[in-house]
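Structure file coords_23.tsv (TSV, C-alpha atoms and all ligand atoms) follows.
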chain	number	residue	atom	x	y	z
A	1	MET	CA	-152.75	54.91	128.21
A	2	SER	CA	-149.77	52.66	129.04
A	3	MET	CA	-146.31	54.17	129.46
A	4	GLU	CA	-145.10	52.54	126.23
A	5	ARG	CA	-148.11	53.72	124.28
A	6	GLN	CA	-147.73	57.28	125.57
A	7	TYR	CA	-144.01	57.21	124.82
A	8	SER	CA	-144.63	55.85	121.34
A	9	HIS	CA	-147.25	58.56	120.75
A	10	ASP	CA	-144.85	61.32	121.91
A	11	LEU	CA	-142.04	59.97	119.72
A	12	MET	CA	-144.36	59.84	116.73
A	13	LYS	CA	-145.48	63.46	117.27
A	14	TRP	CA	-141.85	64.54	117.52
A	15	LEU	CA	-140.91	62.64	114.35
A	16	GLU	CA	-143.81	64.23	112.49
A	17	LYS	CA	-142.55	67.64	113.53
A	18	PHE	CA	-139.02	66.71	112.46
A	19	SER	CA	-140.36	65.43	109.15
A	20	ASN	CA	-142.18	68.74	108.55
A	21	GLU	CA	-139.00	70.62	109.40
A	22	LEU	CA	-137.18	68.55	106.76
A	23	LYS	CA	-139.86	69.35	104.19
A	24	VAL	CA	-139.69	73.09	104.93
A	25	ASN	CA	-135.91	72.95	104.56
A	26	GLU	CA	-135.85	70.82	101.43
A	27	ASN	CA	-132.99	72.86	100.00
A	28	VAL	CA	-130.82	72.02	103.03
A	29	THR	CA	-131.45	68.29	102.83
A	30	ARG	CA	-131.53	68.02	99.04
A	31	ASN	CA	-128.23	66.15	98.96
A	32	SER	CA	-128.95	63.94	101.93
A	33	SER	CA	-132.18	62.24	101.10
A	34	ASP	CA	-131.15	59.35	103.39
A	35	VAL	CA	-132.07	61.49	106.45
A	36	VAL	CA	-135.51	62.19	105.00
A	37	GLY	CA	-136.00	58.53	104.09
A	38	LYS	CA	-134.89	57.24	107.48
A	39	VAL	CA	-137.20	59.62	109.36
A	40	GLU	CA	-140.10	58.44	107.21
A	41	GLY	CA	-139.02	54.84	107.91
A	42	LEU	CA	-139.10	55.35	111.68
A	43	LEU	CA	-142.50	57.01	111.46
A	44	HIS	CA	-143.76	54.10	109.41
A	45	GLN	CA	-142.57	51.58	112.01
A	46	LEU	CA	-144.29	53.49	114.83
A	47	LYS	CA	-147.54	53.78	112.91
A	48	GLU	CA	-147.67	50.19	111.67
A	49	ARG	CA	-146.92	48.30	114.84
A	50	SER	CA	-149.76	47.89	117.28
A	51	TYR	CA	-147.38	47.27	120.21
A	52	ILE	CA	-143.75	48.25	120.72
A	53	ASP	CA	-141.87	47.30	123.88
A	54	ALA	CA	-139.84	49.82	125.88
A	55	ALA	CA	-136.40	48.55	124.77
A	56	TYR	CA	-137.32	48.76	121.09
A	57	LEU	CA	-138.80	52.22	121.59
A	58	ARG	CA	-135.55	53.40	123.14
A	59	GLN	CA	-133.67	52.04	120.16
A	60	LEU	CA	-135.99	53.91	117.78
A	61	GLU	CA	-135.52	57.05	119.82
A	62	LYS	CA	-131.74	56.73	119.65
A	63	GLU	CA	-131.92	56.38	115.88
A	64	ALA	CA	-134.22	59.41	115.72
A	65	GLU	CA	-131.83	61.47	117.80
A	66	GLN	CA	-128.87	60.48	115.65
A	67	LEU	CA	-130.79	61.57	112.55
A	68	TYR	CA	-131.63	64.85	114.21
A	69	TYR	CA	-127.95	65.52	114.99
A	70	ASP	CA	-127.00	64.57	111.43
A	71	TYR	CA	-129.60	67.00	110.17
A	72	LEU	CA	-128.35	69.76	112.51
A	73	LYS	CA	-124.83	69.26	111.15
A	74	ILE	CA	-126.03	69.56	107.56
A	75	LYS	CA	-128.13	72.57	108.44
A	76	THR	CA	-125.35	74.33	110.30
A	77	SER	CA	-122.86	73.78	107.49
A	78	SER	CA	-125.31	75.26	105.00
A	79	GLY	CA	-126.51	77.86	107.49
A	80	GLN	CA	-125.04	80.91	105.88
A	81	ARG	CA	-126.53	80.08	102.52
A	82	SER	CA	-129.94	79.10	103.79
A	83	ALA	CA	-130.20	82.15	106.06
A	84	LEU	CA	-129.65	84.46	103.14
A	85	ASN	CA	-131.99	82.47	100.94
A	86	GLU	CA	-134.83	83.03	103.37
A	87	SER	CA	-135.25	79.30	103.54
A	88	THR	CA	-134.73	78.86	107.26
A	89	SER	CA	-137.58	77.34	109.18
A	90	ARG	CA	-140.39	79.65	110.11
A	91	ILE	CA	-143.00	78.84	112.69
A	92	PRO	CA	-146.27	80.38	111.55
A	93	ILE	CA	-148.05	82.76	113.92
A	94	GLY	CA	-149.79	80.87	116.71
A	95	SER	CA	-148.25	77.50	115.79
A	96	HIS	CA	-145.71	76.84	118.52
A	97	SER	CA	-145.70	73.34	119.99
A	98	LEU	CA	-144.19	71.68	123.03
A	99	PRO	CA	-140.71	70.38	122.14
A	100	LYS	CA	-139.86	66.78	122.96
A	101	LEU	CA	-137.47	66.27	125.87
A	102	PRO	CA	-134.10	64.94	124.73
A	103	TYR	CA	-134.30	62.27	127.51
A	104	GLN	CA	-136.84	60.51	129.72
A	105	TYR	CA	-138.61	62.19	132.63
A	106	ASP	CA	-136.66	60.06	135.13
A	107	SER	CA	-133.29	60.44	133.39
A	108	LEU	CA	-132.09	63.30	135.57
A	109	GLU	CA	-132.68	61.47	138.85
A	110	PRO	CA	-131.50	61.66	141.57
A	111	TYR	CA	-130.83	65.35	140.87
A	112	ILE	CA	-134.30	66.14	139.56
A	113	HIS	CA	-137.21	63.84	140.36
A	114	ARG	CA	-139.26	62.32	137.56
A	115	ARG	CA	-142.51	63.89	138.76
A	116	ILE	CA	-141.01	67.39	138.73
A	117	MET	CA	-139.81	66.87	135.18
A	118	GLU	CA	-143.17	65.56	134.06
A	119	LEU	CA	-145.17	68.44	135.56
A	120	HIS	CA	-142.61	71.03	134.53
A	121	HIS	CA	-142.59	69.87	130.91
A	122	LYS	CA	-146.16	68.68	130.31
A	123	LYS	CA	-148.04	71.26	132.34
A	124	HIS	CA	-145.95	74.38	132.88
A	125	HIS	CA	-144.10	74.46	129.59
A	126	GLN	CA	-147.28	73.53	127.69
A	127	SER	CA	-149.11	76.47	129.24
A	128	TYR	CA	-146.41	78.85	127.97
A	129	VAL	CA	-146.79	77.39	124.50
A	130	ASP	CA	-150.58	77.80	124.63
A	131	GLY	CA	-150.32	81.34	126.02
A	132	LEU	CA	-147.81	82.38	123.35
A	133	ASN	CA	-149.98	81.00	120.54
A	134	LYS	CA	-152.98	82.85	121.95
A	135	ALA	CA	-151.11	86.16	122.27
A	136	GLU	CA	-149.65	85.92	118.76
A	137	LYS	CA	-153.02	85.12	117.18
A	138	ASN	CA	-154.73	87.88	119.11
A	139	LEU	CA	-152.16	90.47	118.01
A	140	GLN	CA	-152.44	89.28	114.41
A	141	GLU	CA	-156.19	89.80	114.56
A	142	GLN	CA	-155.67	93.31	115.92
A	143	ARG	CA	-153.25	94.13	113.08
A	144	LYS	CA	-155.72	92.86	110.49
A	145	LYS	CA	-158.47	95.02	111.92
A	146	ASN	CA	-156.03	97.88	112.49
A	147	LYS	CA	-157.65	98.24	115.87
A	148	PHE	CA	-155.37	97.82	118.85
A	149	GLU	CA	-157.21	97.18	122.06
A	150	ASN	CA	-155.55	96.48	125.36
A	151	ILE	CA	-152.15	96.41	123.63
A	152	LYS	CA	-150.26	96.68	126.92
A	153	HIS	CA	-151.86	93.49	128.17
A	154	TRP	CA	-151.19	91.53	124.98
A	155	GLU	CA	-147.58	92.69	124.68
A	156	ARG	CA	-147.08	91.49	128.26
A	157	GLU	CA	-148.68	88.14	127.42
A	158	LEU	CA	-146.44	87.86	124.35
A	159	ALA	CA	-143.32	88.50	126.44
A	160	PHE	CA	-144.33	86.34	129.42
A	161	HIS	CA	-145.31	83.25	127.45
A	162	GLY	CA	-142.66	83.75	124.76
A	163	ALA	CA	-139.87	84.05	127.31
A	164	GLY	CA	-141.28	81.03	129.14
A	165	HIS	CA	-141.44	78.89	126.01
A	166	TYR	CA	-138.01	79.83	124.65
A	167	LEU	CA	-136.16	79.63	127.96
A	168	HIS	CA	-137.69	76.26	128.84
A	169	SER	CA	-136.90	74.90	125.35
A	170	LEU	CA	-133.30	75.91	125.99
A	171	PHE	CA	-133.33	74.69	129.59
A	172	TRP	CA	-134.19	71.10	128.58
A	173	GLN	CA	-131.40	71.05	126.03
A	174	VAL	CA	-128.68	72.31	128.38
A	175	LEU	CA	-129.28	69.35	130.74
A	176	SER	CA	-128.19	65.77	130.20
A	177	PRO	CA	-128.14	62.55	132.22
A	178	LYS	CA	-124.48	62.34	131.18
A	179	GLY	CA	-123.83	65.97	132.06
A	180	GLY	CA	-121.73	67.70	134.70
A	181	GLY	CA	-117.99	68.22	134.82
A	182	LYS	CA	-116.46	71.23	133.14
A	183	PRO	CA	-116.77	72.74	129.67
A	184	LYS	CA	-113.97	72.09	127.22
A	185	GLY	CA	-112.46	73.76	124.23
A	186	GLU	CA	-113.48	77.22	123.07
A	187	LEU	CA	-116.18	77.72	125.71
A	188	ALA	CA	-113.77	76.80	128.50
A	189	ASN	CA	-111.22	79.29	127.15
A	190	GLN	CA	-113.83	82.04	126.93
A	191	ILE	CA	-115.02	81.38	130.49
A	192	ASP	CA	-111.43	81.53	131.72
A	193	LEU	CA	-110.95	84.80	129.92
A	194	ASP	CA	-114.18	86.50	131.00
A	195	PHE	CA	-114.66	85.17	134.55
A	196	GLU	CA	-111.13	84.55	135.84
A	197	GLY	CA	-111.52	80.80	135.55
A	198	PHE	CA	-114.25	78.18	135.83
A	199	HIS	CA	-114.28	78.15	139.62
A	200	SER	CA	-115.12	81.84	139.95
A	201	PHE	CA	-117.58	81.61	137.04
A	202	LYS	CA	-119.40	78.81	138.85
A	203	ASN	CA	-119.47	80.75	142.12
A	204	HIS	CA	-120.71	83.92	140.39
A	205	PHE	CA	-123.42	82.01	138.51
A	206	SER	CA	-124.59	80.10	141.61
A	207	GLU	CA	-124.66	83.25	143.75
A	208	ALA	CA	-126.61	85.10	141.07
A	209	ALA	CA	-129.12	82.21	140.88
A	210	ASN	CA	-129.46	82.04	144.68
A	211	GLY	CA	-130.13	85.77	144.77
A	212	VAL	CA	-133.03	85.76	142.30
A	213	GLU	CA	-136.22	86.71	144.12
A	214	GLY	CA	-139.32	84.66	143.40
A	215	SER	CA	-139.74	83.19	139.97
A	216	GLY	CA	-136.80	83.75	137.70
A	217	TRP	CA	-133.68	82.57	135.98
A	218	ALA	CA	-129.91	82.88	136.01
A	219	ILE	CA	-128.65	82.96	132.43
A	220	LEU	CA	-125.21	82.79	130.84
A	221	VAL	CA	-125.34	84.95	127.73
A	222	TRP	CA	-123.07	85.90	124.85
A	223	SER	CA	-122.81	89.61	124.08
A	224	PRO	CA	-121.92	89.99	120.38
A	225	ARG	CA	-121.22	93.72	120.76
A	226	VAL	CA	-118.50	93.34	123.38
A	227	GLY	CA	-117.41	89.83	122.47
A	228	ARG	CA	-117.76	88.55	126.00
A	229	LEU	CA	-119.83	86.13	128.05
A	230	GLU	CA	-121.96	87.64	130.81
A	231	ILE	CA	-124.15	86.34	133.63
A	232	LEU	CA	-127.58	87.94	133.91
A	233	THR	CA	-130.65	87.27	136.01
A	234	ALA	CA	-134.29	87.60	135.02
A	235	GLU	CA	-136.36	88.00	138.16
A	236	LYS	CA	-139.53	88.14	136.12
A	237	HIS	CA	-138.84	86.77	132.70
A	238	GLN	CA	-141.84	88.67	131.38
A	239	ASN	CA	-140.12	92.02	131.96
A	240	LEU	CA	-140.52	92.40	129.00
A	241	THR	CA	-138.53	90.47	126.48
A	242	GLN	CA	-138.69	86.97	125.10
A	243	TRP	CA	-135.07	86.09	126.01
A	244	ASP	CA	-133.87	84.33	122.86
A	245	VAL	CA	-134.63	87.10	120.43
A	246	ILE	CA	-132.23	89.61	118.89
A	247	PRO	CA	-133.22	93.31	118.95
A	248	LEU	CA	-133.28	94.87	115.47
A	249	LEU	CA	-135.04	98.22	115.70
A	250	PRO	CA	-135.32	99.95	119.10
A	251	LEU	CA	-137.27	103.16	119.66
A	252	ASP	CA	-136.34	105.08	122.82
A	253	VAL	CA	-139.51	106.41	124.44
A	254	TRP	CA	-137.95	107.59	127.69
A	255	GLU	CA	-138.97	111.20	128.20
A	256	HIS	CA	-135.34	112.36	127.88
A	257	ALA	CA	-135.52	111.29	124.23
A	258	TYR	CA	-138.26	113.74	123.24
A	259	TYR	CA	-139.59	115.90	126.06
A	260	LEU	CA	-137.64	119.11	125.31
A	261	GLN	CA	-139.22	119.22	121.86
A	262	TYR	CA	-142.49	117.34	122.12
A	263	GLU	CA	-143.31	117.75	125.82
A	264	ASN	CA	-146.14	115.38	126.70
A	265	GLU	CA	-147.02	114.55	123.08
A	266	ARG	CA	-145.12	111.33	122.74
A	267	HIS	CA	-147.31	110.18	119.85
A	268	ARG	CA	-146.00	113.08	117.68
A	269	TYR	CA	-142.42	112.05	118.43
A	270	VAL	CA	-143.24	108.40	117.60
A	271	ASN	CA	-144.93	109.49	114.39
A	272	ASN	CA	-141.97	111.63	113.28
A	273	TRP	CA	-139.41	109.03	114.25
A	274	TRP	CA	-140.41	106.95	111.22
A	275	ASN	CA	-138.85	109.65	108.99
A	276	ILE	CA	-135.30	109.03	110.22
A	277	ILE	CA	-134.84	105.27	110.39
A	278	ASN	CA	-131.68	103.92	108.80
A	279	TRP	CA	-133.30	100.92	107.11
A	280	PRO	CA	-130.16	99.65	105.34
A	281	TYR	CA	-128.48	99.32	108.75
A	282	VAL	CA	-131.51	97.53	110.20
A	283	GLU	CA	-131.47	95.18	107.21
A	284	GLU	CA	-127.79	94.41	107.70
A	285	ARG	CA	-128.41	93.65	111.34
A	286	TYR	CA	-131.38	91.47	110.42
A	287	LYS	CA	-129.24	89.48	107.97
A	288	THR	CA	-126.52	88.98	110.59
A	289	ALA	CA	-129.07	87.96	113.22
A	290	LYS	CA	-130.70	85.50	110.84
A	291	ARG	CA	-127.49	83.53	110.60
A	292	ASN	CA	-128.15	82.19	114.09
A	293	ILE	CA	-129.86	78.88	113.66
A	294	TRP	CA	-131.46	76.92	116.44
A	295	LEU	CA	-134.40	74.62	116.11
A	296	PRO	CA	-137.64	75.08	118.07
B	301	FE	FE	-139.86	76.41	134.69
Please re-express this file's structure in C-alpha cells.
Ligand SMILES: [Fe+2]
Amino acid sequence: MSMERQYSHDLMKWLEKFSNELKVNENVTRNSSDVVGKVEGLLHQLKERSYIDAAYLRQLEKEAEQLYYDYLKIKTSSGQRSALNESTSRIPIGSHSLPKLPYQYDSLEPYIHRRIMELHHKKHHQSYVDGLNKAEKNLQEQRKKNKFENIKHWERELAFHGAGHYLHSLFWQVLSPKGGGKPKGELANQIDLDFEGFHSFKNHFSEAANGVEGSGWAILVWSPRVGRLEILTAEKHQNLTQWDVIPLLPLDVWEHAYYLQYENERHRYVNNWWNIINWPYVEERYKTAKRNIWLP
C-alpha cells in the first residue's frame, strides 16, 4: 500500500471514529450540526476519490483536526450538563481502538526518529489496545458465568494493558512538532507555586525520569485532594493501576485492617465490609469524577 493510500485509510478510520463519537453525543452537538455535516463531508471525499495526493490529504487532515477542536470546545462547555445526563461517551467493553496520532510519524524529527514513532504507535501501542480488549472481554465472561478463574492474572492484564493504552494515548497528545518552550498562564503559575519555579520543576522531572529503572514513566499529575501538582514515577506501569482512572471505592485488605478480628479469614472481612459502605458518598465522588472529560 502506498504512503498516501495508507494515510488516507488511517484518516478515514479516524474520521469514522469521530463521526461515531458525534452520534453518541448527539445532545452535545444538537445545536452545531455544521460539525456533524462537515465530518460527513470529509468522509465522503475520502471514500469517493480513488486517488488523493499528499498535499490534499494534509489539507483534509487539518480541516478534520479543526473540527475536532471545535467539537472539544462544544463538549467541554456542555460538559457539566452532559456528565450528569449520563450522555458522555462510553467505550463498550472490549472495544478500545488505536487512537490516531495528532501528527505524522516523522513530525517529531530530529528529536524522535520516524521509525521509532511508527513502531511505537503501530506495534507497541496496538498491542496494549489488543491486550486490554482481551482482558476486559475475558473478565466480562467470568462475571456472566459467575466463575472467576485465574483472577489475579486477568486483573494484572487489565492493569498492564490499560495503563499502557491510556498513558500512550496521553503521551502522543502531550507532544507536538511545534512544542517546547515553557508553559504559560495558569499551569505556569501552578508549577511556580508547587515546584519553586519552572527550572527546578524541569530538573526534578528529568532526574525522576532518569532514575526510573527499566520500563517506566515519569508523570506530572494533579492531586485534587491537596490541590497541587506532583511528579510521580511508574517503574512498572502495571503495578497495578491503569493511570488515568479515578478511584471511587477502595477496600483496604492489608492485614492491619482486619487481622485482630478476622485473623486469617480475609474473605469474612470482605463479605462483611459490604454492610458498611457509604454509597451516597461514593455516588457523589462518581459524579464529580465523571465531570472530567477527555476523548479516547
Ligand atoms: Fe511506550
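Closest approach to Ser97 (chain A) from the set A:Ser176, A:Gln66, A:Thr241, A:Ser169 is made by A:Ser169, with distances taken over all atoms listed in the file.
Across A:Leu101, A:Arg266, A:Asp53, A:Ser215, the tightest approach to Val174 (chain A) is made by A:Leu101 when counting all atoms listed in the file.
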- Message: Applying 10 Å and all atoms listed in the file, which residues near Glu155 (chain A) remain after dropping the ones on its own chain fewer than 4 positions away? List them as a ChimeraX atom specification.
- Response: /A:135-136,139,150-151,159-160,238,240-241
- Proximity to ligand FE 301 (chain B) - best of A:Glu118, A:Glu48, A:Glu149, A:Glu196, all atoms listed in the file: A:Glu118
- Go through the chains and note each residue within 8 Å of ligand FE 301 (chain B), using all atoms listed in the file, then give the set as a list in words. His120, His124, His125, Gly164 and His168 of chain A
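For the set A:Glu65, A:Ile74, A:Gly41, A:Leu15, the residue with the smallest atom-to-atom gap to Asn27 (chain A) is A:Ile74, counting all atoms listed in the file.
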